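Worksheet for the structure shown next.
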Amino acid sequence: MEPALPPELPFSDSRRLIGSNLYFAGGGAVLEARVAVDPALITSWRQQVIDARAELRWPERPIVTRAHATGAQFALGAPVDQLYTATEVNEWALCAALALLGRAAEADLLAVLRDAAEANPSPPAQATGLAPEIARDLAFVRLKAVAAAERNPQLRALMDAARARGLPYMLDDTGVTLGFGSGARSFALDAVPALDAVPWDTLHAIPLAVVTGSNGKTTTVRLIAALLDAAGQVSGHCCTDGVFVAGEAIGEGDYSGPQGARRVLRDARATAAVIETARGGILRRGLAFSRADVAVVTNVSADHFGEYGIHDLDGLADAKLAVARLVDGSLDGKAGLLVLDADDTLLHARGAALASAGTPVAWFALDYEDAEAAGGRACCGVRGKEGDGRLVLKWEGSTYALGVVANMPLTAGGVADYNIRNLAAAALAACALGVPVATIAAVFARFGADPRDNPGRLERHELGGVHLLIDYAHNAEGLDGLLRVAETLRGRGSHRGRLGLLLGHAGNRQQADFERLAASAAAARPDLIVVKEIEGFERGRARGEVPGLIRQALRDQGLAERSLAMAPDEIGGVRHALLWAHAGDVLVLPVHALAARAATHALIGTLGAQRWQAGQPLP
């Protein structure tokens, strides 16, 4: 017999999924198992879920188990008005399976389950006053009571009617929104109107794109928003810098999760929208809205491993591609377009499989022929020799030249490969949203010339004879691209400038992330690296811990101690680099916190006004 478990919860996390997610389309619940998982446990848990579902008279929905490097996740789909109940079903099913298999004492499981429920009760469970049970008959009595307390038949009818009309929707803890932007109307969950009281003729969708990926999300979002504006729309967008509607900032900070999407899509001014969606929001709660016209996945690179059961690139690709469920038509029968990088091996393989299953896919790549060879509905890439290459778009059977790549400001003279990819992805997304090709070409010819077009991303400044590159570059791949641009600014021979680099990372990364970042930095052979603390990004680590780890990783890469410096914050790192610089040098300044970026811009403005020259003191 298996040894008995200690009296603790057999799961470390149990949460609702409010929308399409890593596991399936639509909402439900997921828990992270804390116990050893094998086929017997999976089979038993699954059967308990099926039995509970039958008792509750729920329709059939997906039941999914996902194994990963440190455990397994158990997920089940549920009706839109039964998501709290779904967590209760999931927790009971795992506990009941463990008890049936003799892997834990039922009394111990019951005790810890009741303690947890008392400490953190769900609203419908609290309303019943009934404590959790393990024994099947008693458990089903309680689950039926919890389901009845949560049940909202008017909400379910409302959302069924919206789907029948092809209306998109959003759901959160307090309300439901039908339609988006200028065609949206929101209702409190406890005041859902009768169907004949809904102003259906005023509700509608708006052109909507969602963008995810490891790098380039914010730039691609801003590009698509600029294209929509140029086409006459009033765009709203959210990203890691904030929420913006009609050119106005209505929220500052990282809004790449569900909250940002809701703020954009509930703003009545927006006639079109672009939503940046980071992996964290997808994994925690699922996607906030039901569908999009186009979903872009920029790329998949090693980052954020170790959270929510994602430990490798395969898992990360699966998480990012949850956005494909927004465009595959599975929820309302209306398919959109999935835009993927044909040069990304994982995305290429998964995109081909999705296309075979019926999802409309378009491809972008650095080389137009590679994008075209992927065989999608449309494609975009560069055709022609270096320096004279043109960005070419194939859309609905016709081919269009969008301009010489080197003349597009965002490409830094054609050197910034990653922004060429962002331009190609944005072109495909814009076409899917109805932007004319001529408008796309016109915007690409100017976007990025003004630093205000894309603040904090590949900003180029010349100050007192020193070249400055300000960017977000938050992982090794992003830093690689930025350093390639820096290399072109250093000159040749006796006039070759030195390279200075500001380096830091967020505290929720793993040791391997710090090592990859250090390896990328070391490969550029910089003359100075200032290792910084990023204020507000400690994320569970002690102050100074991340800079110390990065410094050691740099030393392990062979960087000499004389070329390393430490800064207590980002603006301190910027100042140190400026004081070090000579005329002709290049400073690569990945600045992440918004306050630090604002302080950096203010310093550059002050120095410019004073006609500061390299080698002079700073104010």
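Residues in the structure tokens are named by chain (A, B, ... in the order shown) and by number from 1 within that chain; ligands are numbered from 1 in the order shown.
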Residues of stretch 300-529 of chain A in strand (DSSP E) according to DSSP, as a VMD selection string? chain A and resid 337 to 341 361 to 367 379 to 383 390 to 395 398 to 404 459 to 463 466 to 471 499 to 503 528 to 529
Would you please extract all alpha helix (DSSP H) residues from stretch 151-342 of chain A, as assigned by DSSP on the backbone, and give them as a PyMOL selection string? chain A and resi 153-164+217-230+258-265+279-285+313-320
A:Val210, A:Glu8, A:Asp312, A:Ala317 ranked by distance to A:Thr277, top pick (using only C-alpha atoms):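 Closest residue, counting only C-alpha atoms: A:Val210.
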I'd like the contact shell of A:Cys239 - 6 Å cut-off, only C-alpha atoms, skipping same-chain residues fewer than 3 positions apart - returned as a PyMOL selection string. chain A and resi 218+242+255-256+276
Can you work out which one of A:Gly306, A:Gly336, A:Gly280, A:Gly27 has the shortest atom-to-atom distance to A:Ala86, counting only C-alpha atoms?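 With only C-alpha atoms as the atom set, the closest residue is A:Gly27.
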Counting only C-alpha atoms, what is within 10 Å of A:Leu223, bar same-chain residues fewer than 3 positions away, as a list of chain:residue names?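 My reading of the contact set: A:Lys217, A:Thr218, A:Thr219, A:Thr220, A:Ala226, A:Leu227, A:Leu228, A:Asp229, A:Val274, A:Leu410, A:Asn422, A:Leu423, A:Ala425, A:Ala426, A:Ala427, A:Ala429, A:Ala430, A:Ile440, A:Val443, A:Phe444, A:Phe447, A:Gly448, A:Asp453, A:Asn454.
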Go ahead and dump the residues you just picked, N, CA, C and O atoms, as a compact mmCIF listing (two decimals), in the first residue's frame.
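New file selection-v4.txt:
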```
# COMPACT_ATOMS: atom_id res chain seq x y z
N LYS A 217 6.05 42.65 -27.96
CA LYS A 217 4.60 42.81 -27.82
C LYS A 217 4.19 44.29 -27.85
O LYS A 217 3.29 44.68 -28.60
N THR A 218 4.83 45.09 -27.01
CA THR A 218 4.41 46.49 -26.89
C THR A 218 4.63 47.25 -28.19
O THR A 218 3.77 48.02 -28.62
N THR A 219 5.77 47.04 -28.84
CA THR A 219 6.02 47.71 -30.12
C THR A 219 4.96 47.32 -31.15
O THR A 219 4.44 48.17 -31.88
N THR A 220 4.63 46.03 -31.22
CA THR A 220 3.63 45.57 -32.19
C THR A 220 2.26 46.14 -31.87
O THR A 220 1.52 46.56 -32.78
N ALA A 226 -1.37 52.60 -34.13
CA ALA A 226 -1.08 53.73 -35.02
C ALA A 226 -1.69 53.52 -36.40
O ALA A 226 -2.19 54.47 -37.03
N LEU A 227 -1.67 52.30 -36.88
CA LEU A 227 -2.27 51.99 -38.18
C LEU A 227 -3.78 52.18 -38.13
O LEU A 227 -4.38 52.71 -39.08
N LEU A 228 -4.42 51.75 -37.05
CA LEU A 228 -5.86 51.93 -36.91
C LEU A 228 -6.21 53.42 -36.86
O LEU A 228 -7.18 53.87 -37.49
N ASP A 229 -5.43 54.19 -36.09
CA ASP A 229 -5.68 55.63 -36.02
C ASP A 229 -5.55 56.28 -37.40
O ASP A 229 -6.38 57.12 -37.78
N VAL A 274 -6.47 47.25 -29.50
CA VAL A 274 -5.33 46.33 -29.54
C VAL A 274 -4.95 46.02 -28.09
O VAL A 274 -4.71 46.94 -27.30
N LEU A 410 11.80 52.58 -37.68
CA LEU A 410 11.78 51.58 -36.62
C LEU A 410 12.87 50.52 -36.78
O LEU A 410 13.22 49.84 -35.83
N ASN A 422 8.40 42.83 -36.17
CA ASN A 422 7.24 43.50 -35.60
C ASN A 422 6.44 44.25 -36.66
O ASN A 422 5.20 44.26 -36.65
N LEU A 423 7.14 44.88 -37.60
CA LEU A 423 6.46 45.57 -38.69
C LEU A 423 5.67 44.59 -39.56
O LEU A 423 4.52 44.85 -39.94
N ALA A 425 4.51 41.60 -38.73
CA ALA A 425 3.35 41.10 -37.98
C ALA A 425 2.24 42.14 -37.92
O ALA A 425 1.05 41.82 -38.10
N ALA A 426 2.61 43.40 -37.69
CA ALA A 426 1.61 44.47 -37.61
C ALA A 426 0.92 44.68 -38.95
O ALA A 426 -0.29 44.96 -38.99
N ALA A 427 1.65 44.53 -40.06
CA ALA A 427 1.03 44.69 -41.38
C ALA A 427 -0.07 43.65 -41.59
O ALA A 427 -1.16 43.97 -42.07
N ALA A 429 -1.71 41.97 -39.24
CA ALA A 429 -2.82 42.23 -38.31
C ALA A 429 -3.67 43.39 -38.81
O ALA A 429 -4.91 43.34 -38.76
N ALA A 430 -3.03 44.45 -39.30
CA ALA A 430 -3.77 45.62 -39.76
C ALA A 430 -4.67 45.28 -40.95
O ALA A 430 -5.81 45.74 -41.03
N ILE A 440 -0.86 51.48 -44.44
CA ILE A 440 0.21 50.74 -43.76
C ILE A 440 1.58 51.24 -44.23
O ILE A 440 2.47 51.52 -43.41
N VAL A 443 2.39 54.76 -42.78
CA VAL A 443 2.73 54.75 -41.35
C VAL A 443 4.11 54.16 -41.12
O VAL A 443 4.91 54.68 -40.34
N PHE A 444 4.42 53.09 -41.82
CA PHE A 444 5.74 52.47 -41.66
C PHE A 444 6.87 53.41 -42.08
O PHE A 444 7.99 53.31 -41.57
N PHE A 447 6.79 55.88 -38.65
CA PHE A 447 6.66 55.44 -37.26
C PHE A 447 8.05 55.13 -36.69
O PHE A 447 8.82 54.37 -37.27
N GLY A 448 8.35 55.71 -35.55
CA GLY A 448 9.63 55.51 -34.90
C GLY A 448 10.58 56.66 -35.08
O GLY A 448 11.60 56.74 -34.38
N ASP A 453 6.60 57.98 -30.50
CA ASP A 453 5.86 56.91 -31.17
C ASP A 453 5.94 55.61 -30.38
O ASP A 453 4.98 54.84 -30.35
N ASN A 454 7.10 55.35 -29.80
CA ASN A 454 7.36 54.04 -29.18
C ASN A 454 8.26 54.22 -27.96
O ASN A 454 9.38 53.71 -27.91
```
With a distance cut-off of 10 Å and only C-alpha atoms, select the neighbouring residues of stretch 286-288 of chain A, excluding the residue or stretch itself and same-chain residues fewer than 6 positions from it, and output the selection as number ranges by chain. A: 16-29, 169-172, 257-262, 277-280, 319, 322-323, 325-326
Quick one: pull the distance between atom CA of A:Ala445 and atom CA of A:Arg460, Å, one decimal.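 Atom-to-atom, atom CA of A:Ala445 to atom CA of A:Arg460, that is 17.0 Å.
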Atom CA of A:Ala72 and atom CA of A:Val49 are how many Å apart?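 Separation between atom CA of A:Ala72 and atom CA of A:Val49: 16.4 Å.
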In Å, how far is it from atom CA of A:Ala147 to atom CA of A:Thr85?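 According to the coordinates, atom CA of A:Ala147 and atom CA of A:Thr85 are separated by 5.6 Å.
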Neighbour list for A:Phe537 as a VMD selection string, cut-off 10 Å, only C-alpha atoms, skip fewer than 5 positions in-chain: chain A and resid 504 to 508 543 546 592 to 593
May I have the residues from that selection written out with C-alpha atoms, as a compact mmCIF listing (two decimals), in the first residue's frame?
```txt
# COMPACT_ATOMS: atom_id res chain seq x y z
CA GLY A 504 19.37 44.18 -14.48
CA HIS A 505 16.51 41.74 -14.18
CA ALA A 506 13.29 41.08 -12.29
CA GLY A 507 13.40 38.99 -9.13
CA ASN A 508 10.90 36.38 -10.29
CA ARG A 543 17.12 44.11 -2.26
CA VAL A 546 19.43 40.03 -8.12
CA HIS A 592 12.36 49.12 -17.11
CA ALA A 593 10.54 51.01 -14.36
```
Non-local contacts of A:Gly548 (10 Å; only C-alpha atoms; under 6 positions in same chain excluded) as a compact mmCIF listing (two decimals) with C-alpha atoms, in the first residue's frame:
```txt
# COMPACT_ATOMS: atom_id res chain seq x y z
CA VAL A 531 24.57 46.20 -12.81
CA LYS A 532 21.45 47.83 -11.42
CA GLU A 533 18.62 47.20 -9.01
CA LEU A 554 29.12 38.12 -15.46
CA MET A 566 27.01 48.45 -9.28
```
